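Q: Structure file start-v3.cif, mmCIF, C-alpha atoms and all ligand atoms, is pasted below:
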```cif
data_structure
loop_
_atom_site.label_atom_id
_atom_site.label_comp_id
_atom_site.auth_asym_id
_atom_site.auth_seq_id
_atom_site.Cartn_x
_atom_site.Cartn_y
_atom_site.Cartn_z
CA MET A 1 105.63 87.76 122.31
CA THR A 2 104.23 91.21 123.00
CA ALA A 3 106.03 93.99 121.17
CA ARG A 4 107.72 96.89 122.86
CA ILE A 5 106.12 100.16 121.81
CA ILE A 6 108.23 102.92 120.29
CA ASP A 7 107.04 106.13 121.93
CA GLY A 8 107.11 108.81 119.23
CA ASN A 9 105.97 111.50 121.65
CA ALA A 10 108.86 110.85 124.04
CA LEU A 11 111.47 110.72 121.26
CA SER A 12 110.01 113.87 119.71
CA ALA A 13 110.17 115.72 123.02
CA GLN A 14 113.82 114.76 123.40
CA VAL A 15 114.81 115.75 119.85
CA ARG A 16 112.77 118.97 120.01
CA GLY A 17 114.57 119.86 123.24
CA GLU A 18 117.92 119.56 121.43
CA ILE A 19 116.57 121.61 118.50
CA ALA A 20 115.32 124.35 120.87
CA GLN A 21 118.75 124.57 122.45
CA ARG A 22 120.53 124.89 119.08
CA ALA A 23 117.90 127.40 117.87
CA ALA A 24 118.50 129.53 120.98
CA GLU A 25 122.27 129.44 120.40
CA LEU A 26 121.85 130.49 116.78
CA THR A 27 119.39 133.23 117.73
CA ALA A 28 121.91 134.55 120.29
CA ARG A 29 124.43 134.77 117.45
CA GLY A 30 121.98 136.93 115.47
CA THR A 31 120.12 134.40 113.29
CA GLN A 32 116.74 133.22 114.45
CA PRO A 33 115.61 130.22 112.36
CA CYS A 34 112.41 130.99 110.44
CA LEU A 35 109.91 128.76 108.65
CA ALA A 36 107.29 130.13 106.21
CA VAL A 37 104.20 127.98 105.76
CA ILE A 38 101.74 128.42 102.89
CA LEU A 39 98.24 126.98 103.18
CA VAL A 40 95.81 127.11 100.26
CA GLY A 41 92.13 126.25 100.69
CA GLY A 42 90.13 125.05 103.65
CA ASP A 43 91.00 121.35 103.93
CA PRO A 44 90.44 120.70 107.66
CA ALA A 45 93.21 118.09 107.97
CA SER A 46 95.72 120.45 106.32
CA ALA A 47 94.65 123.25 108.65
CA VAL A 48 95.36 121.02 111.67
CA TYR A 49 98.77 119.98 110.28
CA VAL A 50 99.71 123.61 109.64
CA ARG A 51 98.56 124.67 113.10
CA ASN A 52 100.71 121.92 114.65
CA LYS A 53 103.72 122.93 112.54
CA VAL A 54 103.41 126.57 113.59
CA ALA A 55 102.95 125.59 117.26
CA GLY A 56 105.98 123.28 117.02
CA CYS A 57 108.08 126.17 115.69
CA GLU A 58 107.00 128.52 118.44
CA LYS A 59 107.83 126.03 121.17
CA ALA A 60 111.29 125.41 119.72
CA GLY A 61 112.12 129.13 119.39
CA ILE A 62 111.80 129.03 115.60
CA ARG A 63 110.02 132.01 114.05
CA SER A 64 107.12 131.09 111.81
CA LEU A 65 105.23 132.96 109.11
CA LYS A 66 101.87 131.70 107.92
CA PHE A 67 100.29 132.66 104.59
CA GLU A 68 96.73 131.52 104.00
CA TYR A 69 94.90 131.68 100.67
CA ALA A 70 91.34 130.90 99.61
CA ALA A 71 90.91 127.75 97.49
CA GLU A 72 90.16 129.89 94.38
CA VAL A 73 93.39 131.91 94.55
CA ALA A 74 95.24 132.40 91.27
CA PRO A 75 98.42 130.26 91.29
CA ASP A 76 100.44 133.33 90.23
CA GLU A 77 99.72 134.92 93.57
CA VAL A 78 101.25 131.95 95.37
CA PHE A 79 104.21 131.84 92.95
CA ALA A 80 104.83 135.53 93.72
CA ARG A 81 104.79 134.81 97.45
CA ILE A 82 107.27 131.95 97.03
CA ALA A 83 109.58 134.21 95.00
CA GLU A 84 109.45 136.83 97.74
CA LEU A 85 110.22 134.26 100.44
CA ASN A 86 113.05 132.77 98.35
CA ALA A 87 114.65 136.22 98.22
CA ASP A 88 114.20 136.98 101.92
CA PRO A 89 117.42 136.09 103.80
CA SER A 90 115.58 135.98 107.14
CA VAL A 91 113.48 133.01 105.91
CA HIS A 92 115.26 129.63 106.08
CA GLY A 93 112.48 127.20 105.26
CA ILE A 94 109.45 127.35 102.94
CA LEU A 95 106.69 124.79 103.05
CA VAL A 96 103.57 124.59 100.88
CA GLN A 97 101.04 122.32 102.53
CA LEU A 98 99.73 119.57 100.22
CA PRO A 99 97.29 118.75 98.70
CA LEU A 100 96.72 121.88 96.62
CA PRO A 101 93.43 122.80 94.85
CA LYS A 102 93.08 121.49 91.30
CA GLN A 103 94.03 124.69 89.44
CA PHE A 104 97.56 124.17 90.81
CA ASP A 105 100.32 122.08 89.30
CA ALA A 106 101.81 120.88 92.59
CA GLU A 107 105.12 119.89 91.02
CA LYS A 108 105.59 123.37 89.57
CA ILE A 109 104.84 124.92 92.96
CA LEU A 110 107.30 122.64 94.76
CA GLU A 111 109.95 123.37 92.18
CA ALA A 112 109.47 127.11 92.60
CA ILE A 113 110.80 126.81 96.15
CA SER A 114 114.53 127.40 96.37
CA PRO A 115 116.18 123.98 97.00
CA GLU A 116 118.18 125.62 99.83
CA LYS A 117 114.89 126.41 101.61
CA ASP A 118 113.02 123.23 100.70
CA VAL A 119 112.72 121.88 104.25
CA ASP A 120 110.08 119.32 103.16
CA GLY A 121 112.69 117.76 100.85
CA PHE A 122 110.15 117.56 98.00
CA HIS A 123 112.05 119.56 95.35
CA ALA A 124 113.27 117.40 92.44
CA GLU A 125 116.84 118.53 93.11
CA ASN A 126 116.76 117.40 96.73
CA PHE A 127 115.02 114.16 95.80
CA GLY A 128 117.71 113.53 93.18
CA LEU A 129 120.47 114.19 95.71
CA LEU A 130 118.82 111.74 98.10
CA LEU A 131 118.72 109.09 95.36
CA GLN A 132 122.43 109.60 94.73
CA GLY A 133 123.20 109.33 98.44
CA ARG A 134 124.30 112.96 98.63
CA LYS A 135 123.45 115.62 101.18
CA SER A 136 120.00 117.09 100.86
CA PHE A 137 117.00 117.91 102.98
CA TYR A 138 115.45 114.56 103.79
CA PRO A 139 111.64 114.31 103.58
CA CYS A 140 110.43 114.63 107.16
CA THR A 141 108.32 111.48 107.65
CA PRO A 142 110.83 108.89 106.38
CA TRP A 143 113.63 110.73 108.13
CA GLY A 144 111.62 110.54 111.36
CA VAL A 145 111.25 106.80 110.83
CA MET A 146 115.03 106.41 110.38
CA LYS A 147 115.55 108.37 113.59
CA MET A 148 113.22 105.98 115.41
CA LEU A 149 115.03 102.91 114.04
CA ASP A 150 118.41 104.35 115.00
CA THR A 151 117.28 105.33 118.49
CA GLU A 152 116.06 101.79 119.04
CA ASN A 153 119.32 100.37 117.61
CA VAL A 154 117.43 98.41 114.95
CA PRO A 155 119.98 96.84 112.59
CA VAL A 156 119.26 98.16 109.09
CA LYS A 157 122.31 96.87 107.24
CA GLY A 158 121.43 93.54 105.63
CA ALA A 159 117.86 93.61 106.96
CA GLU A 160 114.91 92.63 104.78
CA ALA A 161 112.88 95.84 104.66
CA VAL A 162 109.42 96.02 103.11
CA VAL A 163 107.80 99.39 102.45
CA ILE A 164 104.10 99.43 101.59
CA GLY A 165 103.26 102.55 99.62
CA ARG A 166 105.05 104.36 96.81
CA SER A 167 104.17 108.02 97.35
CA ASN A 168 106.75 110.74 96.72
CA ILE A 169 106.24 111.96 100.30
CA VAL A 170 106.78 108.70 102.18
CA GLY A 171 107.10 105.39 100.30
CA LYS A 172 109.72 106.27 97.70
CA PRO A 173 112.07 108.30 99.92
CA MET A 174 111.64 105.72 102.71
CA ALA A 175 112.75 102.94 100.37
CA VAL A 176 115.75 104.98 99.22
CA MET A 177 116.85 105.79 102.77
CA LEU A 178 116.65 102.14 103.85
CA LEU A 179 118.52 101.10 100.68
CA SER A 180 121.26 103.68 101.32
CA ARG A 181 121.74 102.18 104.76
CA GLY A 182 122.21 98.67 103.37
CA ALA A 183 118.78 97.09 103.72
CA THR A 184 117.40 94.79 101.04
CA VAL A 185 114.28 96.73 100.12
CA THR A 186 110.99 95.62 98.60
CA VAL A 187 108.38 98.24 97.76
CA CYS A 188 104.77 97.01 97.71
CA HIS A 189 101.73 99.00 96.54
CA SER A 190 98.12 98.71 95.44
CA GLN A 191 99.05 96.55 92.43
CA THR A 192 101.16 94.07 94.43
CA LYS A 193 99.77 90.57 93.83
CA ASP A 194 100.45 88.79 97.10
CA LEU A 195 101.08 91.41 99.76
CA ALA A 196 101.32 88.95 102.67
CA PHE A 197 104.04 86.97 100.85
CA HIS A 198 106.24 90.06 101.00
CA THR A 199 105.25 91.40 104.43
CA LYS A 200 105.91 88.01 106.08
CA ARG A 201 109.55 88.21 104.98
CA ALA A 202 110.14 91.65 106.47
CA ASP A 203 112.51 92.27 109.38
CA ILE A 204 111.49 95.92 109.09
CA LEU A 205 107.97 96.62 107.85
CA VAL A 206 106.90 100.19 107.05
CA ALA A 207 103.22 100.69 106.25
CA ALA A 208 102.31 103.90 104.42
CA VAL A 209 99.18 103.06 102.45
CA GLY A 210 96.33 104.99 104.03
CA LYS A 211 93.99 102.03 104.66
CA ALA A 212 92.78 101.47 108.21
CA LYS A 213 94.18 98.35 109.92
CA MET A 214 94.97 96.53 106.66
CA ILE A 215 98.17 94.92 108.00
CA THR A 216 97.17 92.22 110.46
CA GLY A 217 99.28 90.11 112.79
CA ASP A 218 99.18 87.06 110.50
CA MET A 219 100.97 89.10 107.79
CA ILE A 220 103.94 89.89 110.07
CA LYS A 221 107.12 87.90 110.63
CA PRO A 222 107.57 87.01 114.33
CA GLY A 223 110.01 89.50 115.88
CA ALA A 224 109.70 92.08 113.08
CA VAL A 225 109.95 95.83 113.64
CA VAL A 226 106.67 97.38 112.50
CA ILE A 227 106.45 101.08 111.66
CA ASP A 228 102.99 102.47 111.02
CA VAL A 229 102.86 105.70 109.01
CA GLY A 230 99.08 105.48 108.46
CA MET A 231 96.67 108.06 109.81
CA ASN A 232 93.11 106.87 109.30
CA ARG A 233 89.74 106.76 111.04
CA ASP A 234 88.31 103.38 111.99
CA GLU A 235 84.65 102.34 111.80
CA ASN A 236 83.99 104.25 115.04
CA GLY A 237 85.72 107.40 113.84
CA LYS A 238 88.74 106.75 116.06
CA LEU A 239 92.23 107.59 114.81
CA CYS A 240 94.10 104.46 113.70
CA GLY A 241 97.01 103.40 111.53
CA ASP A 242 97.47 101.07 108.55
CA VAL A 243 98.41 98.31 110.98
CA ASP A 244 95.94 96.42 113.12
CA PHE A 245 97.77 97.25 116.33
CA ALA A 246 96.03 94.67 118.55
CA SER A 247 97.02 91.63 116.48
CA ALA A 248 100.36 93.04 115.23
CA LYS A 249 101.75 93.74 118.70
CA GLU A 250 101.44 90.05 119.57
CA VAL A 251 103.83 89.14 116.74
CA ALA A 252 106.25 92.06 116.34
CA SER A 253 109.21 92.83 118.59
CA LEU A 254 108.89 96.61 118.23
CA ILE A 255 105.93 98.61 117.00
CA THR A 256 104.85 102.24 116.64
CA PRO A 257 101.35 103.21 117.80
CA VAL A 258 98.87 105.57 116.11
CA PRO A 259 98.54 108.20 117.42
CA GLY A 260 101.82 108.89 119.23
CA GLY A 261 104.19 107.09 116.87
CA VAL A 262 105.51 108.42 113.58
CA GLY A 263 103.14 111.44 113.54
CA PRO A 264 104.97 113.65 116.04
CA MET A 265 108.33 112.74 114.45
CA THR A 266 107.32 114.29 111.11
CA ILE A 267 107.00 117.78 112.57
CA THR A 268 110.11 117.24 114.67
CA MET A 269 112.19 116.56 111.56
CA LEU A 270 110.66 119.61 109.83
CA LEU A 271 111.96 121.70 112.73
CA ALA A 272 115.34 119.96 112.42
CA ASN A 273 115.51 120.76 108.69
CA THR A 274 114.58 124.41 109.31
CA LEU A 275 117.24 124.70 111.99
CA GLU A 276 119.82 123.07 109.74
CA SER A 277 118.96 125.44 106.90
CA ALA A 278 119.44 128.42 109.23
CA GLU A 279 122.73 126.98 110.53
CA ARG A 280 123.98 126.57 106.94
CA THR A 281 123.29 130.25 106.15
CA ALA A 282 124.90 131.42 109.39
CA LYS A 283 128.18 129.59 108.72
N1 LIG B 1 100.73 116.87 103.21
C1 LIG B 1 100.81 115.66 103.81
N2 LIG B 1 102.05 115.50 104.35
C2 LIG B 1 102.74 116.61 104.06
C3 LIG B 1 104.06 117.03 104.34
O1 LIG B 1 104.87 116.34 104.97
N3 LIG B 1 104.40 118.26 103.88
C4 LIG B 1 103.55 119.04 103.17
N4 LIG B 1 103.98 120.21 102.74
N5 LIG B 1 102.33 118.68 102.89
C5 LIG B 1 101.91 117.47 103.33
#
```
Before we go any further, please render this structure as structure tokens.
A:
Amino acid sequence: MTARIIDGNALSAQVRGEIAQRAAELTARGTQPCLAVILVGGDPASAVYVRNKVAGCEKAGIRSLKFEYAAEVAPDEVFARIAELNADPSVHGILVQLPLPKQFDAEKILEAISPEKDVDGFHAENFGLLLQGRKSFYPCTPWGVMKMLDTENVPVKGAEAVVIGRSNIVGKPMAVMLLSRGATVTVCHSQTKDLAFHTKRADILVAAVGKAKMITGDMIKPGAVVIDVGMNRDENGKLCGDVDFASAKEVASLITPVPGGVGPMTITMLLANTLESAERTAK
């Protein structure tokens, strides 16, 4: 079997089109959605992510504000900026790009953001609401994955889902979202003893580990849906995922590529959260 490829670029374009339309309607009613992005330090990958987020906003008719700080900035300066943005009614979303330099306590920074403007869904309050199955801002990457599964009509209820990775940004919220939808969820990580034992049982396999091509075709159940959240460089410096695409696509029924899979969906869901935040305030 050769898997069908889930085209994250095409789905993103469609969802972003819907977002742009809703943003235009809201703007016509006097509220233009606005996202504020804070970038600290010169990490090149973070700079690219932030540039793509700002460009995504512009294209969807969402206003964006970008605040850049040198790596040595005093945390108080960033806290003061967050407080100012929290108080500004024209700002609907606030995002602090991670990772932060070591003088920062990232949790304290994330918790300084008003939960109503936490469009990354990283605030402890929003994460707690997600755990309880209540309305919150969903973290963008796992939400993008759910959107992909739903668009492809992948049955989640009763499915064996295996998530590899336990980060606060992807693995944990991904597991919770799949659980809320009725999957039987296993979370694997770097200490898991026999990874292949678990992955071979998965109807839905989500890889979010950050290790190039570590999930090979022989670790995948025939007909499984394979979602690759990884973003790595291979031995030739080429962008690749956590899944060895060449061998996995011969076993899976559906698979996401890297690039052009989950990646574009993350920013799409950030735009969706920003729009939703603006719609909530305009009600
Ligand atoms: N760093 C890596 N992924 C993310 C993300 O989704 N949001 C933020 N703010 N920082 C990140």
Q: Select the residues contacting ligand LIG 1 (chain B) at a distance of at most 8 Å, based on all atoms listed in the file, then format the selection as a PyMOL selection string.
A: chain A and resi 46+49+95-99+120+139-141+169+266
Q: Between A:Ile62, A:Ala212, A:Met265, A:Leu275, which has the minimum distance to Ala13 of chain A (counting only C-alpha atoms)?
A: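 Among the listed residues, the smallest separation from Ala13 of chain A belongs to A:Met265.
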Q: Tell me which of A:Ala60, A:Val163, A:Ala207, A:Ala36 sits closest to Thr268 of chain A, counting only C-alpha atoms.
A: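 Residue with the minimum atom-to-atom distance to Thr268 of chain A: A:Ala60.
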Q: I'd like to know which of A:Thr274, A:Asn52, A:Ser180, A:Thr192 is closest to Ala161 of chain A, using all atoms listed in the file.
A: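 Closest to Ala161 of chain A, using all atoms listed in the file: A:Ser180.
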Q: Measuring atom to atom with all atoms listed in the file, identify which of A:Val73, A:Leu26, A:Ile267, A:Val226 is nearest to Arg280 of chain A.
A: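 Under the stated criterion, the closest residue is A:Leu26.
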Q: Please determine, counting only C-alpha atoms, which residue among A:Thr199, A:Lys249, A:Gly144, A:Leu35 has the shortest atom-to-atom distance to Asp88 of chain A.
A: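 Comparing A:Thr199, A:Lys249, A:Gly144, A:Leu35 against Asp88 of chain A, the winner is A:Leu35.
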Q: For each of A:Met174, A:Ile38, A:Lys59, A:Met148, take the minimum atom-to-atom distance to Ile109 of chain A, counting only C-alpha atoms, then give the residue where this is smallest.
A: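 With only C-alpha atoms as the atom set, the closest residue is A:Ile38.
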Q: How would segment 156-183 of chain A of the given structure read as a file with N, CA and C atoms, as a JSON list (two decimals), in the first residue's frame?
A:
```json
[["chain", "number", "residue", "atom", "x", "y", "z"],
["A", 156, "VAL", "N", -11.57, 8.97, 15.23],
["A", 156, "VAL", "CA", -10.74, 9.13, 16.42],
["A", 156, "VAL", "C", -11.34, 8.35, 17.59],
["A", 157, "LYS", "N", -12.68, 8.35, 17.66],
["A", 157, "LYS", "CA", -13.35, 7.65, 18.76],
["A", 157, "LYS", "C", -12.99, 6.16, 18.72],
["A", 158, "GLY", "N", -12.47, 5.66, 19.82],
["A", 158, "GLY", "CA", -12.13, 4.24, 19.91],
["A", 158, "GLY", "C", -10.81, 3.85, 19.25],
["A", 159, "ALA", "N", -10.17, 4.80, 18.57],
["A", 159, "ALA", "CA", -8.91, 4.47, 17.90],
["A", 159, "ALA", "C", -7.78, 4.32, 18.92],
["A", 160, "GLU", "N", -6.81, 3.49, 18.57],
["A", 160, "GLU", "CA", -5.57, 3.42, 19.35],
["A", 160, "GLU", "C", -4.67, 4.55, 18.85],
["A", 161, "ALA", "N", -4.43, 5.54, 19.70],
["A", 161, "ALA", "CA", -3.58, 6.66, 19.30],
["A", 161, "ALA", "C", -2.29, 6.61, 20.11],
["A", 162, "VAL", "N", -1.18, 6.76, 19.43],
["A", 162, "VAL", "CA", 0.12, 6.80, 20.12],
["A", 162, "VAL", "C", 0.79, 8.12, 19.78],
["A", 163, "VAL", "N", 1.12, 8.87, 20.84],
["A", 163, "VAL", "CA", 1.82, 10.15, 20.69],
["A", 163, "VAL", "C", 3.25, 9.93, 21.17],
["A", 164, "ILE", "N", 4.21, 10.31, 20.35],
["A", 164, "ILE", "CA", 5.61, 10.21, 20.79],
["A", 164, "ILE", "C", 6.10, 11.62, 21.07],
["A", 165, "GLY", "N", 6.42, 11.86, 22.33],
["A", 165, "GLY", "CA", 6.82, 13.20, 22.77],
["A", 165, "GLY", "C", 5.89, 13.68, 23.86],
["A", 166, "ARG", "N", 6.45, 14.34, 24.86],
["A", 166, "ARG", "CA", 5.62, 14.77, 26.01],
["A", 166, "ARG", "C", 5.83, 16.23, 26.34],
["A", 167, "SER", "N", 6.13, 17.05, 25.31],
["A", 167, "SER", "CA", 6.34, 18.48, 25.57],
["A", 167, "SER", "C", 5.02, 19.16, 25.91],
["A", 168, "ASN", "N", 5.13, 20.31, 26.59],
["A", 168, "ASN", "CA", 3.93, 21.09, 26.91],
["A", 168, "ASN", "C", 3.32, 21.71, 25.65],
["A", 169, "ILE", "N", 4.15, 21.89, 24.62],
["A", 169, "ILE", "CA", 3.69, 22.57, 23.40],
["A", 169, "ILE", "C", 2.95, 21.62, 22.47],
["A", 170, "VAL", "N", 3.43, 20.37, 22.37],
["A", 170, "VAL", "CA", 2.81, 19.44, 21.43],
["A", 170, "VAL", "C", 2.32, 18.14, 22.10],
["A", 171, "GLY", "N", 3.25, 17.35, 22.64],
["A", 171, "GLY", "CA", 2.90, 15.99, 23.09],
["A", 171, "GLY", "C", 1.75, 15.94, 24.08],
["A", 172, "LYS", "N", 1.89, 16.70, 25.18],
["A", 172, "LYS", "CA", 0.86, 16.63, 26.23],
["A", 172, "LYS", "C", -0.50, 17.12, 25.73],
["A", 173, "PRO", "N", -0.58, 18.34, 25.15],
["A", 173, "PRO", "CA", -1.92, 18.76, 24.68],
["A", 173, "PRO", "C", -2.47, 17.86, 23.56],
["A", 174, "MET", "N", -1.59, 17.32, 22.74],
["A", 174, "MET", "CA", -2.04, 16.39, 21.68],
["A", 174, "MET", "C", -2.72, 15.17, 22.29],
["A", 175, "ALA", "N", -2.08, 14.62, 23.32],
["A", 175, "ALA", "CA", -2.63, 13.44, 23.98],
["A", 175, "ALA", "C", -4.00, 13.76, 24.60],
["A", 176, "VAL", "N", -4.09, 14.93, 25.21],
["A", 176, "VAL", "CA", -5.35, 15.32, 25.87],
["A", 176, "VAL", "C", -6.46, 15.51, 24.83],
["A", 177, "MET", "N", -6.14, 16.12, 23.71],
["A", 177, "MET", "CA", -7.16, 16.35, 22.67],
["A", 177, "MET", "C", -7.66, 15.04, 22.10],
["A", 178, "LEU", "N", -6.75, 14.10, 21.85],
["A", 178, "LEU", "CA", -7.15, 12.79, 21.32],
["A", 178, "LEU", "C", -7.99, 12.04, 22.35],
["A", 179, "LEU", "N", -7.59, 12.13, 23.61],
["A", 179, "LEU", "CA", -8.33, 11.49, 24.71],
["A", 179, "LEU", "C", -9.74, 12.06, 24.81],
["A", 180, "SER", "N", -9.85, 13.39, 24.73],
["A", 180, "SER", "CA", -11.17, 14.05, 24.82],
["A", 180, "SER", "C", -12.09, 13.58, 23.72],
["A", 181, "ARG", "N", -11.51, 13.23, 22.60],
["A", 181, "ARG", "CA", -12.32, 12.79, 21.45],
["A", 181, "ARG", "C", -12.54, 11.28, 21.46],
["A", 182, "GLY", "N", -12.11, 10.59, 22.51],
["A", 182, "GLY", "CA", -12.47, 9.18, 22.65],
["A", 182, "GLY", "C", -11.44, 8.19, 22.16],
["A", 183, "ALA", "N", -10.23, 8.65, 21.85],
["A", 183, "ALA", "CA", -9.17, 7.70, 21.49],
["A", 183, "ALA", "C", -8.61, 7.05, 22.76]]
```
